[in-house]
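Text of target16.cif, listed as mmCIF, C-alpha atoms and all ligand atoms:
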```cif
data_upload
#
loop_
_atom_site.label_atom_id
_atom_site.label_comp_id
_atom_site.auth_asym_id
_atom_site.auth_seq_id
_atom_site.Cartn_x
_atom_site.Cartn_y
_atom_site.Cartn_z
CA MET A 753 0.00 0.00 0.00
CA ARG A 754 1.07 3.54 -0.61
CA THR A 755 -0.34 6.81 0.76
CA GLN A 756 0.74 10.37 1.37
CA VAL A 757 -0.01 10.47 5.11
CA GLY A 758 -0.17 7.37 7.29
CA ILE A 759 -2.31 8.20 10.32
CA ILE A 760 -1.98 6.02 13.41
CA GLY A 761 -4.97 6.34 15.75
CA ALA A 762 -8.65 7.14 15.17
CA GLY A 763 -9.29 9.45 18.11
CA PRO A 764 -10.28 13.09 17.56
CA ALA A 765 -6.73 13.95 16.40
CA GLY A 766 -6.33 11.24 13.74
CA LEU A 767 -9.89 11.45 12.45
CA LEU A 768 -9.94 15.23 12.14
CA LEU A 769 -6.56 15.22 10.41
CA ALA A 770 -7.75 12.61 7.90
CA HIS A 771 -10.82 14.70 7.17
CA LEU A 772 -9.02 18.04 6.76
CA LEU A 773 -6.38 16.46 4.51
CA HIS A 774 -9.06 14.82 2.38
CA ARG A 775 -10.63 18.24 1.80
CA ARG A 776 -7.29 19.41 0.44
CA GLY A 777 -7.04 16.37 -1.84
CA ILE A 778 -4.30 14.74 0.26
CA ASP A 779 -4.57 10.97 0.59
CA SER A 780 -4.27 9.17 3.93
CA VAL A 781 -4.77 5.78 5.54
CA VAL A 782 -6.11 5.62 9.12
CA LEU A 783 -5.11 2.72 11.41
CA GLU A 784 -6.88 2.08 14.72
CA SER A 785 -6.12 -0.69 17.19
CA ARG A 786 -9.63 -0.77 18.73
CA SER A 787 -12.97 -1.63 17.15
CA ARG A 788 -15.30 1.01 15.75
CA ALA A 789 -17.85 0.23 18.48
CA TYR A 790 -15.20 0.72 21.16
CA ILE A 791 -14.00 4.14 20.03
CA GLU A 792 -17.57 5.30 19.44
CA GLY A 793 -18.59 4.28 22.96
CA ARG A 794 -15.54 5.47 24.92
CA ILE A 795 -16.73 8.13 27.37
CA ARG A 796 -14.42 11.09 27.85
CA ALA A 797 -14.74 14.80 28.61
CA GLY A 798 -17.16 16.65 26.40
CA LEU A 799 -16.49 20.36 26.25
CA LEU A 800 -15.49 22.23 23.10
CA GLU A 801 -13.89 25.65 23.00
CA GLN A 802 -15.45 28.17 20.63
CA GLY A 803 -12.48 27.79 18.26
CA ALA A 804 -12.83 24.00 18.24
CA VAL A 805 -16.51 24.31 17.32
CA ASP A 806 -15.62 26.79 14.56
CA THR A 807 -12.93 24.41 13.28
CA LEU A 808 -15.39 21.49 13.11
CA ARG A 809 -17.98 23.73 11.46
CA GLU A 810 -15.54 24.96 8.79
CA ALA A 811 -14.62 21.32 8.17
CA GLY A 812 -18.28 20.43 7.56
CA LEU A 813 -18.35 18.18 10.65
CA ALA A 814 -20.76 20.14 12.83
CA ASP A 815 -24.29 19.35 11.58
CA ARG A 816 -25.20 17.23 14.61
CA LEU A 817 -23.01 19.28 16.93
CA ASP A 818 -25.00 22.39 15.94
CA ARG A 819 -28.29 20.57 16.61
CA GLU A 820 -27.42 18.69 19.78
CA GLY A 821 -24.54 20.58 21.42
CA LEU A 822 -25.43 22.56 24.54
CA VAL A 823 -24.06 26.09 24.28
CA HIS A 824 -22.92 27.59 27.59
CA ASN A 825 -22.34 31.26 28.31
CA GLY A 826 -20.91 30.84 31.79
CA LEU A 827 -19.86 28.48 34.56
CA ASP A 828 -20.12 28.39 38.34
CA LEU A 829 -17.40 28.12 40.95
CA LEU A 830 -18.68 26.74 44.26
CA PHE A 831 -16.63 27.17 47.42
CA ASP A 832 -17.31 27.88 51.08
CA GLY A 833 -20.94 26.93 50.47
CA THR A 834 -21.56 29.72 47.91
CA ARG A 835 -21.88 29.59 44.13
CA HIS A 836 -20.34 32.33 42.01
CA ARG A 837 -20.96 32.70 38.30
CA ILE A 838 -18.21 33.46 35.80
CA ASP A 839 -19.83 35.15 32.81
CA LEU A 840 -17.70 33.64 30.05
CA PHE A 841 -19.58 35.33 27.22
CA GLY A 842 -19.77 38.71 28.95
CA LEU A 843 -16.04 38.66 29.69
CA THR A 844 -14.77 37.28 26.35
CA GLY A 845 -17.56 37.38 23.75
CA LYS A 846 -17.09 33.62 23.36
CA ARG A 847 -18.94 30.51 24.49
CA VAL A 848 -18.22 26.82 25.02
CA THR A 849 -20.27 23.84 23.86
CA ILE A 850 -20.99 20.60 25.66
CA TYR A 851 -20.85 17.70 23.19
CA GLY A 852 -19.59 14.26 24.20
CA GLN A 853 -16.22 13.40 22.72
CA GLN A 854 -17.57 10.07 21.50
CA GLU A 855 -20.31 11.94 19.62
CA ALA A 856 -17.64 13.98 17.84
CA VAL A 857 -15.78 10.73 17.13
CA LYS A 858 -18.95 9.13 15.69
CA ASP A 859 -19.46 12.11 13.38
CA MET A 860 -15.85 11.96 12.19
CA VAL A 861 -15.87 8.19 11.64
CA ALA A 862 -19.06 8.55 9.56
CA ALA A 863 -17.44 11.36 7.55
CA ARG A 864 -14.34 9.24 6.93
CA ILE A 865 -16.37 6.23 5.81
CA ALA A 866 -18.42 8.47 3.49
CA THR A 867 -15.21 9.46 1.67
CA GLY A 868 -14.53 5.81 0.82
CA ARG A 869 -10.90 6.28 1.86
CA PRO A 870 -9.32 3.58 4.04
CA ILE A 871 -9.78 3.29 7.78
CA PHE A 872 -8.72 -0.01 9.35
CA PHE A 873 -10.05 -0.95 12.78
CA GLU A 874 -8.63 -3.60 15.11
CA VAL A 875 -5.12 -3.48 13.68
CA ALA A 876 -2.36 -5.09 15.74
CA ASP A 877 1.44 -4.90 16.05
CA THR A 878 1.63 -1.44 14.48
CA ALA A 879 5.23 -0.29 13.96
CA VAL A 880 6.86 2.65 12.17
CA HIS A 881 10.06 2.39 10.10
CA ASP A 882 12.61 4.71 8.49
CA ILE A 883 11.06 7.81 10.09
CA THR A 884 14.11 9.96 9.36
CA SER A 885 14.05 9.06 5.65
CA ASP A 886 11.68 10.61 3.09
CA ARG A 887 9.97 7.20 2.64
CA PRO A 888 8.81 6.21 6.12
CA SER A 889 6.52 3.21 6.40
CA ILE A 890 4.08 1.59 8.78
CA THR A 891 3.59 -2.14 9.26
CA PHE A 892 0.55 -3.67 10.93
CA THR A 893 -1.56 -6.80 11.07
CA HIS A 894 -5.20 -6.71 10.01
CA GLU A 895 -7.46 -9.80 9.98
CA GLY A 896 -4.44 -12.05 10.24
CA THR A 897 -2.50 -10.50 7.34
CA ARG A 898 0.63 -8.40 7.72
CA HIS A 899 0.65 -5.15 5.69
CA ARG A 900 3.12 -2.37 4.92
CA ILE A 901 2.11 1.16 3.96
CA GLU A 902 4.71 3.39 2.37
CA CYS A 903 4.10 7.04 3.23
CA ASP A 904 5.55 10.50 2.71
CA VAL A 905 4.68 11.48 6.26
CA ILE A 906 3.42 9.63 9.35
CA ALA A 907 1.06 11.28 11.83
CA GLY A 908 1.29 9.70 15.28
CA CYS A 909 -2.21 10.35 16.65
CA ASP A 910 -2.27 7.22 18.78
CA GLY A 911 -2.79 8.73 22.20
CA PHE A 912 -0.68 8.51 25.33
CA HIS A 913 -0.19 4.72 25.17
CA GLY A 914 0.49 4.48 21.45
CA ILE A 915 3.62 3.35 19.63
CA SER A 916 4.51 6.61 17.87
CA ARG A 917 6.08 8.57 20.71
CA PRO A 918 8.26 5.64 21.89
CA ALA A 919 9.49 5.23 18.29
CA ILE A 920 11.44 8.48 18.69
CA PRO A 921 14.85 7.89 20.28
CA ALA A 922 14.84 9.02 23.91
CA SER A 923 17.97 11.08 23.26
CA ALA A 924 16.05 13.20 20.72
CA VAL A 925 13.28 14.37 23.06
CA ARG A 926 12.69 15.95 26.41
CA VAL A 927 9.78 14.83 28.53
CA TYR A 928 7.97 16.91 31.18
CA ASP A 929 5.75 14.93 33.51
CA ARG A 930 3.74 15.57 36.64
CA VAL A 931 1.49 12.96 38.20
CA TYR A 932 -1.19 14.22 40.60
CA PRO A 933 -1.92 12.43 43.88
CA PHE A 934 -5.59 12.02 42.98
CA GLY A 935 -7.97 11.01 40.20
CA TRP A 936 -11.60 11.57 39.22
CA LEU A 937 -14.40 9.12 39.78
CA GLY A 938 -16.87 9.90 36.98
CA ILE A 939 -20.45 8.75 36.53
CA LEU A 940 -23.04 9.16 33.82
CA SER A 941 -26.53 9.23 35.30
CA ARG A 942 -29.95 9.28 33.72
CA SER A 943 -31.11 12.34 35.63
CA ARG A 944 -31.55 16.07 35.21
CA PRO A 945 -28.25 18.00 35.36
CA VAL A 946 -27.80 19.94 38.61
CA SER A 947 -27.84 23.27 36.83
CA GLU A 948 -27.98 24.68 33.28
CA GLU A 949 -24.26 25.42 33.45
CA LEU A 950 -21.26 23.56 34.88
CA ILE A 951 -20.44 23.74 38.58
CA TYR A 952 -16.80 23.35 39.64
CA ALA A 953 -16.77 22.78 43.39
CA ARG A 954 -13.93 23.05 45.85
CA HIS A 955 -14.84 21.26 49.07
CA GLU A 956 -12.77 20.24 52.10
CA ARG A 957 -13.56 16.60 51.24
CA GLY A 958 -12.29 17.08 47.69
CA PHE A 959 -13.21 18.51 44.31
CA ALA A 960 -16.51 17.79 42.55
CA LEU A 961 -17.84 18.74 39.12
CA ALA A 962 -21.41 18.76 37.88
CA THR A 963 -21.64 18.66 34.11
CA MET A 964 -23.98 17.01 31.61
CA ARG A 965 -24.42 15.35 28.25
CA SER A 966 -28.04 16.40 27.62
CA HIS A 967 -31.05 17.75 29.49
CA THR A 968 -31.67 14.23 30.81
CA LEU A 969 -28.12 12.92 31.25
CA ALA A 970 -25.93 14.21 34.07
CA ARG A 971 -22.18 13.71 34.15
CA LEU A 972 -20.73 14.01 37.64
CA TYR A 973 -17.20 13.74 38.97
CA LEU A 974 -15.62 13.37 42.42
CA GLN A 975 -11.99 13.74 43.37
CA CYS A 976 -10.79 10.32 44.56
CA ALA A 977 -7.54 8.36 44.96
CA PRO A 978 -5.67 7.86 41.65
CA ASP A 979 -6.09 4.08 42.02
CA GLU A 980 -9.51 4.25 43.68
CA ASP A 981 -11.19 0.87 44.09
CA LEU A 982 -14.63 1.21 42.47
CA SER A 983 -15.99 -1.71 44.44
CA LEU A 984 -15.82 0.57 47.49
CA TRP A 985 -18.17 2.99 45.75
CA PRO A 986 -21.68 1.54 45.57
CA ASP A 987 -24.15 3.98 44.00
CA GLU A 988 -25.47 5.16 47.40
CA ARG A 989 -22.00 6.21 48.50
CA ILE A 990 -21.41 8.14 45.28
CA TRP A 991 -24.68 10.05 45.63
CA GLU A 992 -24.07 10.74 49.31
CA GLU A 993 -20.66 12.22 48.54
CA LEU A 994 -21.99 14.25 45.59
CA HIS A 995 -24.74 15.70 47.80
CA ILE A 996 -22.14 16.83 50.33
CA ARG A 997 -19.67 18.33 47.89
CA LEU A 998 -22.23 19.91 45.56
CA SER A 999 -24.55 21.28 48.21
CA CYS A 1000 -25.43 24.72 46.83
CA GLY A 1001 -29.16 25.28 46.85
CA SER A 1002 -29.78 23.59 43.49
CA GLU A 1003 -31.21 20.14 43.71
CA LEU A 1004 -28.98 17.22 42.79
CA GLU A 1005 -31.38 14.73 41.23
CA GLU A 1006 -30.40 11.07 41.56
CA GLY A 1007 -30.92 8.60 38.75
CA PRO A 1008 -29.75 5.23 37.46
CA ILE A 1009 -25.97 5.23 37.00
CA LEU A 1010 -25.21 4.15 33.43
CA GLN A 1011 -21.41 4.24 33.61
CA LYS A 1012 -18.74 4.55 36.31
CA GLY A 1013 -15.01 4.95 35.95
CA VAL A 1014 -11.82 6.32 37.51
CA THR A 1015 -9.36 8.53 35.61
CA ALA A 1016 -5.87 9.16 36.91
CA MET A 1017 -4.52 12.66 36.36
CA ARG A 1018 -1.24 13.93 34.95
CA SER A 1019 0.35 16.78 33.05
CA PHE A 1020 2.75 15.57 30.36
CA VAL A 1021 4.54 17.15 27.39
CA VAL A 1022 7.12 15.77 24.98
CA GLU A 1023 9.34 18.17 23.04
CA PRO A 1024 9.76 18.38 20.11
CA MET A 1025 6.60 16.87 18.60
CA ARG A 1026 8.37 15.81 15.43
CA HIS A 1027 11.19 13.46 14.53
CA GLY A 1028 12.06 13.36 10.84
CA ARG A 1029 8.85 12.52 8.97
CA LEU A 1030 6.96 11.44 12.11
CA PHE A 1031 4.67 14.12 13.59
CA LEU A 1032 2.93 13.63 16.94
CA ALA A 1033 -0.48 15.22 17.57
CA GLY A 1034 -2.93 15.17 20.48
CA ASP A 1035 -2.54 12.88 23.48
CA ALA A 1036 0.46 11.15 21.82
CA ALA A 1037 2.41 14.34 22.60
CA HIS A 1038 0.72 15.77 25.68
CA ILE A 1039 -1.72 15.04 28.48
CA VAL A 1040 -3.58 17.55 30.62
CA PRO A 1041 -5.56 16.91 33.79
CA PRO A 1042 -9.29 17.05 32.93
CA THR A 1043 -10.00 20.20 34.99
CA GLY A 1044 -10.98 22.59 32.19
CA ALA A 1045 -11.51 19.79 29.65
CA LYS A 1046 -8.67 20.76 27.33
CA GLY A 1047 -7.66 17.30 25.99
CA MET A 1048 -9.76 17.20 22.83
CA ASN A 1049 -9.38 20.95 22.31
CA LEU A 1050 -5.59 20.68 22.32
CA ALA A 1051 -5.75 17.79 19.85
CA ILE A 1052 -7.85 19.95 17.51
CA GLY A 1053 -5.36 22.83 17.86
CA ASP A 1054 -2.42 20.57 16.88
CA VAL A 1055 -4.29 19.18 13.90
CA ARG A 1056 -5.08 22.64 12.53
CA VAL A 1057 -1.35 23.35 12.38
CA LEU A 1058 -0.40 19.93 11.00
CA ASP A 1059 -3.06 20.13 8.29
CA ALA A 1060 -1.80 23.56 7.18
CA ALA A 1061 1.83 22.38 7.28
CA LEU A 1062 1.12 19.26 5.22
CA GLY A 1063 -1.01 21.32 2.84
CA ALA A 1064 1.97 23.59 2.07
CA PHE A 1065 4.29 20.60 1.78
CA PHE A 1066 2.19 18.59 -0.66
CA ALA A 1067 1.06 21.59 -2.72
CA LYS A 1068 4.38 23.40 -3.08
CA GLY A 1069 7.10 21.30 -1.47
CA ASP A 1070 7.24 24.08 1.13
CA THR A 1071 8.58 22.66 4.40
CA SER A 1072 8.71 25.89 6.40
CA LEU A 1073 5.49 25.31 8.34
CA MET A 1074 6.39 21.64 8.87
CA ASP A 1075 9.65 22.82 10.38
CA ARG A 1076 7.80 25.14 12.74
CA TYR A 1077 5.03 22.66 13.56
CA SER A 1078 6.39 21.68 16.96
CA ALA A 1079 7.26 25.22 18.08
CA ILE A 1080 3.88 26.65 16.99
CA CYS A 1081 1.96 23.90 18.79
CA LEU A 1082 4.06 23.94 21.94
CA ASP A 1083 3.64 27.66 22.41
CA ARG A 1084 -0.11 27.18 22.84
CA ILE A 1085 0.15 23.78 24.54
CA TRP A 1086 2.25 25.17 27.39
CA LYS A 1087 -0.25 27.95 28.03
CA VAL A 1088 -3.06 25.40 28.10
CA GLN A 1089 -0.96 23.15 30.35
CA ARG A 1090 -0.52 26.09 32.70
CA PHE A 1091 -4.27 26.75 32.77
CA SER A 1092 -5.18 23.09 33.36
CA TRP A 1093 -2.59 22.85 36.14
CA TRP A 1094 -3.82 26.12 37.69
CA MET A 1095 -7.49 25.04 37.70
CA THR A 1096 -6.43 21.69 39.15
CA GLN A 1097 -4.33 23.13 41.97
CA MET A 1098 -6.95 25.73 42.86
CA LEU A 1099 -9.83 23.26 43.15
CA HIS A 1100 -8.43 19.96 44.49
CA VAL A 1101 -7.35 18.94 47.96
CA PHE A 1102 -3.71 17.89 47.76
CA ASP A 1103 -3.14 17.45 51.49
CA HIS A 1104 -6.09 17.11 53.84
CA ALA A 1105 -3.88 18.01 56.79
CA ASP A 1106 -2.65 21.31 55.34
CA PRO A 1107 -4.73 24.29 56.56
CA PHE A 1108 -2.41 26.70 54.68
CA GLU A 1109 -3.32 25.10 51.33
CA HIS A 1110 -6.99 25.41 52.23
CA ARG A 1111 -6.77 29.16 53.01
CA ILE A 1112 -4.66 29.92 49.92
CA GLN A 1113 -7.17 28.15 47.69
CA LEU A 1114 -10.08 30.04 49.21
CA ALA A 1115 -8.20 33.33 48.81
CA GLU A 1116 -7.48 32.54 45.19
CA LEU A 1117 -11.07 31.55 44.42
CA ASP A 1118 -12.36 34.64 46.19
CA TYR A 1119 -9.97 36.75 44.12
CA VAL A 1120 -11.04 35.07 40.87
CA VAL A 1121 -14.74 35.71 41.45
CA ASN A 1122 -14.32 39.27 42.73
CA SER A 1123 -11.64 40.70 40.46
CA PRO A 1124 -12.82 41.33 36.89
CA ALA A 1125 -9.18 40.98 35.78
CA ALA A 1126 -8.81 37.55 37.39
CA ALA A 1127 -12.24 36.40 36.17
CA THR A 1128 -11.29 37.47 32.64
CA THR A 1129 -8.06 35.50 32.86
CA LEU A 1130 -9.99 32.37 33.75
CA ALA A 1131 -12.64 33.04 31.11
CA GLU A 1132 -10.30 33.70 28.18
CA ASN A 1133 -8.40 30.50 28.86
CA TYR A 1134 -11.57 28.49 29.42
CA VAL A 1135 -13.22 29.52 26.15
CA GLY A 1136 -9.92 28.88 24.34
CA LEU A 1137 -6.81 30.90 23.54
CA PRO A 1138 -6.47 32.08 19.94
CA TYR A 1139 -4.83 29.84 17.35
CA ALA A 1140 -1.64 30.93 15.60
CA VAL A 1141 -2.62 28.84 12.55
N1 LIG B 1 -2.10 1.42 16.57
C1 LIG B 1 -3.26 2.01 16.16
N2 LIG B 1 -4.03 2.78 16.95
C2 LIG B 1 -3.64 2.96 18.21
C3 LIG B 1 -2.46 2.39 18.72
C4 LIG B 1 -1.67 1.59 17.83
N3 LIG B 1 -0.54 1.03 18.25
N4 LIG B 1 -2.32 2.77 20.01
C5 LIG B 1 -3.38 3.53 20.31
N5 LIG B 1 -4.19 3.66 19.24
C6 LIG B 1 -5.45 4.40 19.14
C7 LIG B 1 -6.31 4.35 20.39
O1 LIG B 1 -7.10 3.18 20.46
C8 LIG B 1 -7.16 5.59 20.23
O2 LIG B 1 -8.37 5.34 19.56
O3 LIG B 1 -5.17 5.76 18.97
C9 LIG B 1 -6.31 6.52 19.38
C10 LIG B 1 -5.88 7.75 20.11
O4 LIG B 1 -7.01 8.53 20.39
P1 LIG B 1 -7.19 9.38 21.73
O5 LIG B 1 -6.65 8.64 22.88
O6 LIG B 1 -8.61 9.80 21.76
O7 LIG B 1 -6.23 10.64 21.51
P2 LIG B 1 -6.37 11.94 20.59
O8 LIG B 1 -6.98 11.63 19.28
O9 LIG B 1 -5.06 12.59 20.68
O10 LIG B 1 -7.46 12.83 21.33
C11 LIG B 1 -7.20 13.53 22.48
O11 LIG B 1 -8.64 12.12 23.71
O12 LIG B 1 -7.69 11.08 25.59
C12 LIG B 1 -8.61 11.97 25.11
O13 LIG B 1 -8.97 13.50 26.78
C13 LIG B 1 -8.22 13.25 25.64
O14 LIG B 1 -9.83 14.54 24.76
C14 LIG B 1 -8.51 14.14 24.55
C15 LIG B 1 -8.44 13.44 23.31
C1 LIG B 2 -17.35 16.82 30.94
O1 LIG B 2 -18.45 17.27 30.54
O2 LIG B 2 -17.10 15.61 30.92
C2 LIG B 2 -16.33 17.75 31.46
C3 LIG B 2 -16.58 19.11 31.43
C4 LIG B 2 -15.65 19.99 31.94
C5 LIG B 2 -14.48 19.50 32.50
C6 LIG B 2 -14.22 18.14 32.51
C7 LIG B 2 -15.16 17.27 32.00
O3 LIG B 2 -13.60 20.36 33.03
#
```
What is this file in structure tokens?
Amino acid sequence: MRTQVGIIGAGPAGLLLAHLLHRRGIDSVVLESRSRAYIEGRIRAGLLEQGAVDTLREAGLADRLDREGLVHNGLDLLFDGTRHRIDLFGLTGKRVTIYGQQEAVKDMVAARIATGRPIFFEVADTAVHDITSDRPSITFTHEGTRHRIECDVIAGCDGFHGISRPAIPASAVRVYDRVYPFGWLGILSRSRPVSEELIYARHERGFALATMRSHTLARLYLQCAPDEDLSLWPDERIWEELHIRLSCGSELEEGPILQKGVTAMRSFVVEPMRHGRLFLAGDAAHIVPPTGAKGMNLAIGDVRVLDAALGAFFAKGDTSLMDRYSAICLDRIWKVQRFSWWMTQMLHVFDHADPFEHRIQLAELDYVVNSPAAATTLAENYVGLPYAV
């Protein structure tokens, strides 16, 4: 097989890249280790920055998003028993949209299949070769047969646990990593969301977040241990803890819990995001803690730059944007890392026995909700920093 761009991974990064390249007339092959049903059912964060929505709209991928996405003009911070609204739209002129990541993935898989261009699910033993030559290749097994795809460029969009990043020699990259001493226990419940907008709660017992997927599906999170044992969390205990941490006057409606899971939290960046003809995008290159829901948004930001860079390369042999790909992406990624880290450290309990931490967090939250300058800082990061490309 031969293609221009071999794309490893069919998450938001790989699927959006395939779609944008197709619109430019650039050929690609998408390889995914999981089944279609698996990637379309995988529940993740579901908040899109205004720029991410605009990107999907310009790409012709937003028909269902425009019908079903829930547009939010603000969010609430809850601390010391009081809720304070941050007027995102009033402060920035921009909004965010709640739309489950797996819904965006479904839309992009459908768009890929409609093009008739190849997407292989359930591939195994994926490996990249000759990435510093101008004829890199990918080998993989599909339905028992070994294949090789010769490419001009390989896009490593295979997430944090993929094979692309480890294919770069360790001596050629620098890794930045911070693991947090907690995780999030998340549930999806068939019940009315607590409020029209999101509530981020700082409580002495730990962080909680009330979000949603629709007017009848609530998504709720609790700070927990990074390796929390779910068997210790029967539904009654989850609701009891949510009632305590989200107590704010609005009623928390209980409902059947449809899904339960624990996510560990880390901040991670690899630099540079390119080695020869291998380009990393999305979670393959960086991870953010979910506070602020930047994971999918960062992936979309990377792909915008990679699409433009590959467009210039294939149209004119111009490598200048390809050469700046990593630097352009990292400039924005580090600012988003900073924001995700800042939201995380302001809202979570790191040390239950540290009264100083508690008072500093309350002072910071109080400052954020009372200073228009501080509120604007939160809002402009939350709705999404501008793109360079
Ligand atoms: N070969 C092929 N596919 C692979 C391989 C492999 N060796 N390893 C991993 N994959 C696939 C995974 O199964 C997954 O579907 O690559 C895909 C990577 O997708 P994501 O993990 O969704 O990453 P990305 O597209 O960068 O999107 C970032 O996803 O993790 C969330 O919160 C994160 O919202 C963010 C978004
Ligand atoms: C979600 O809806 O799943 C979500 C929203 C905002 C976050 C994290 C997760 O900060």
Within-7 Å residues of ligand LIG 2 (chain B), basis all atoms listed in the file, as an NGL selection string: :A and (796-799 or 850 or 963-965 or 971 or 1042-1045)
Give one line per residue of chain A that approaches ligand LIG 1 (chain B) to at most 8 Å, naming the two atoms of the closest pair and their distance in Å to one decimal, counting all atoms listed in the file; sort by chain then ascending residue number and deliver it as JSON lines.
```
{"residue": "A:Ile760", "atom": "CA", "partner": "B:LIG1", "partner_atom": "C1", "distance": 5.0}
{"residue": "A:Gly761", "atom": "CA", "partner": "B:LIG1", "partner_atom": "O3", "distance": 3.3}
{"residue": "A:Ala762", "atom": "CA", "partner": "B:LIG1", "partner_atom": "O2", "distance": 4.8}
{"residue": "A:Gly763", "atom": "CA", "partner": "B:LIG1", "partner_atom": "O4", "distance": 3.4}
{"residue": "A:Pro764", "atom": "CA", "partner": "B:LIG1", "partner_atom": "O8", "distance": 4.0}
{"residue": "A:Ala765", "atom": "CA", "partner": "B:LIG1", "partner_atom": "O8", "distance": 3.7}
{"residue": "A:Gly766", "atom": "CA", "partner": "B:LIG1", "partner_atom": "O8", "distance": 5.6}
{"residue": "A:Leu767", "atom": "CA", "partner": "B:LIG1", "partner_atom": "O8", "distance": 7.4}
{"residue": "A:Leu783", "atom": "CA", "partner": "B:LIG1", "partner_atom": "C1", "distance": 5.1}
{"residue": "A:Glu784", "atom": "CA", "partner": "B:LIG1", "partner_atom": "N2", "distance": 3.7}
{"residue": "A:Ser785", "atom": "CA", "partner": "B:LIG1", "partner_atom": "N2", "distance": 4.1}
{"residue": "A:Arg786", "atom": "CA", "partner": "B:LIG1", "partner_atom": "O1", "distance": 5.0}
{"residue": "A:Ile791", "atom": "CA", "partner": "B:LIG1", "partner_atom": "O2", "distance": 5.8}
{"residue": "A:Arg796", "atom": "CA", "partner": "B:LIG1", "partner_atom": "O13", "distance": 6.1}
{"residue": "A:Ala797", "atom": "CA", "partner": "B:LIG1", "partner_atom": "O13", "distance": 6.2}
{"residue": "A:Gly798", "atom": "CA", "partner": "B:LIG1", "partner_atom": "O14", "distance": 7.8}
{"residue": "A:Gln853", "atom": "CA", "partner": "B:LIG1", "partner_atom": "O14", "distance": 6.8}
{"residue": "A:Glu874", "atom": "CA", "partner": "B:LIG1", "partner_atom": "C1", "distance": 7.8}
{"residue": "A:Val875", "atom": "CA", "partner": "B:LIG1", "partner_atom": "C1", "distance": 6.3}
{"residue": "A:Ala876", "atom": "CA", "partner": "B:LIG1", "partner_atom": "N1", "distance": 6.6}
{"residue": "A:Asp877", "atom": "CA", "partner": "B:LIG1", "partner_atom": "N3", "distance": 6.6}
{"residue": "A:Thr878", "atom": "CA", "partner": "B:LIG1", "partner_atom": "N3", "distance": 5.0}
{"residue": "A:Ala879", "atom": "CA", "partner": "B:LIG1", "partner_atom": "N3", "distance": 7.3}
{"residue": "A:Cys909", "atom": "CA", "partner": "B:LIG1", "partner_atom": "O9", "distance": 5.4}
{"residue": "A:Asp910", "atom": "CA", "partner": "B:LIG1", "partner_atom": "O3", "distance": 3.3}
{"residue": "A:Gly911", "atom": "CA", "partner": "B:LIG1", "partner_atom": "C10", "distance": 3.9}
{"residue": "A:Phe912", "atom": "CA", "partner": "B:LIG1", "partner_atom": "O5", "distance": 6.5}
{"residue": "A:His913", "atom": "CA", "partner": "B:LIG1", "partner_atom": "N4", "distance": 5.9}
{"residue": "A:Gly914", "atom": "CA", "partner": "B:LIG1", "partner_atom": "N4", "distance": 3.6}
{"residue": "A:Ile915", "atom": "CA", "partner": "B:LIG1", "partner_atom": "N3", "distance": 5.0}
{"residue": "A:Ser916", "atom": "CA", "partner": "B:LIG1", "partner_atom": "N3", "distance": 7.5}
{"residue": "A:Ala1033", "atom": "CA", "partner": "B:LIG1", "partner_atom": "O9", "distance": 6.1}
{"residue": "A:Gly1034", "atom": "CA", "partner": "B:LIG1", "partner_atom": "O9", "distance": 3.4}
{"residue": "A:Asp1035", "atom": "CA", "partner": "B:LIG1", "partner_atom": "O9", "distance": 3.8}
{"residue": "A:Ala1036", "atom": "CA", "partner": "B:LIG1", "partner_atom": "O9", "distance": 5.8}
{"residue": "A:Ala1037", "atom": "CA", "partner": "B:LIG1", "partner_atom": "O9", "distance": 7.9}
{"residue": "A:Ile1039", "atom": "CA", "partner": "B:LIG1", "partner_atom": "C13", "distance": 7.3}
{"residue": "A:Val1040", "atom": "CA", "partner": "B:LIG1", "partner_atom": "O13", "distance": 7.8}
{"residue": "A:Pro1042", "atom": "CA", "partner": "B:LIG1", "partner_atom": "O13", "distance": 7.1}
{"residue": "A:Ala1045", "atom": "CA", "partner": "B:LIG1", "partner_atom": "O13", "distance": 7.4}
{"residue": "A:Lys1046", "atom": "CA", "partner": "B:LIG1", "partner_atom": "O14", "distance": 6.8}
{"residue": "A:Gly1047", "atom": "CA", "partner": "B:LIG1", "partner_atom": "C14", "distance": 3.6}
{"residue": "A:Met1048", "atom": "CA", "partner": "B:LIG1", "partner_atom": "O14", "distance": 3.3}
{"residue": "A:Asn1049", "atom": "CA", "partner": "B:LIG1", "partner_atom": "O14", "distance": 6.9}
{"residue": "A:Leu1050", "atom": "CA", "partner": "B:LIG1", "partner_atom": "C11", "distance": 7.3}
{"residue": "A:Ala1051", "atom": "CA", "partner": "B:LIG1", "partner_atom": "C11", "distance": 5.2}
```
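Residues in contact with range 1059-1062 of chain A at up to 10 Å, not including ones fewer than 4 positions away on its chain and judged by only C-alpha atoms, are Gln756, Val757, Leu768, Leu769, Ala770, His771, Leu772, Leu773, His774, Arg776, Ile778, Val905, Asp1054, Val1055, Phe1066, Ala1067, Lys1068, Gly1069, Asp1070, Thr1071, Ser1072, Leu1073, Met1074, Asp1075, Arg1076, Tyr1077 and Val1141 of chain A.
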Close residues, Glu956 in chain A itself excluded, 7 Å, all atoms listed in the file, min 2 positions apart in chain, as a list in words: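 The contact residues come out as Arg954, Gly958 and Val1101 of chain A.
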Nearest to Asp1103 in chain A, chosen from A:Gly852, A:Pro921, A:Pro933, A:Gly793, with all atoms listed in the file counted in the distances: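 Between A:Gly852, A:Pro921, A:Pro933, A:Gly793, the residue approaching Asp1103 in chain A most closely is A:Pro933.
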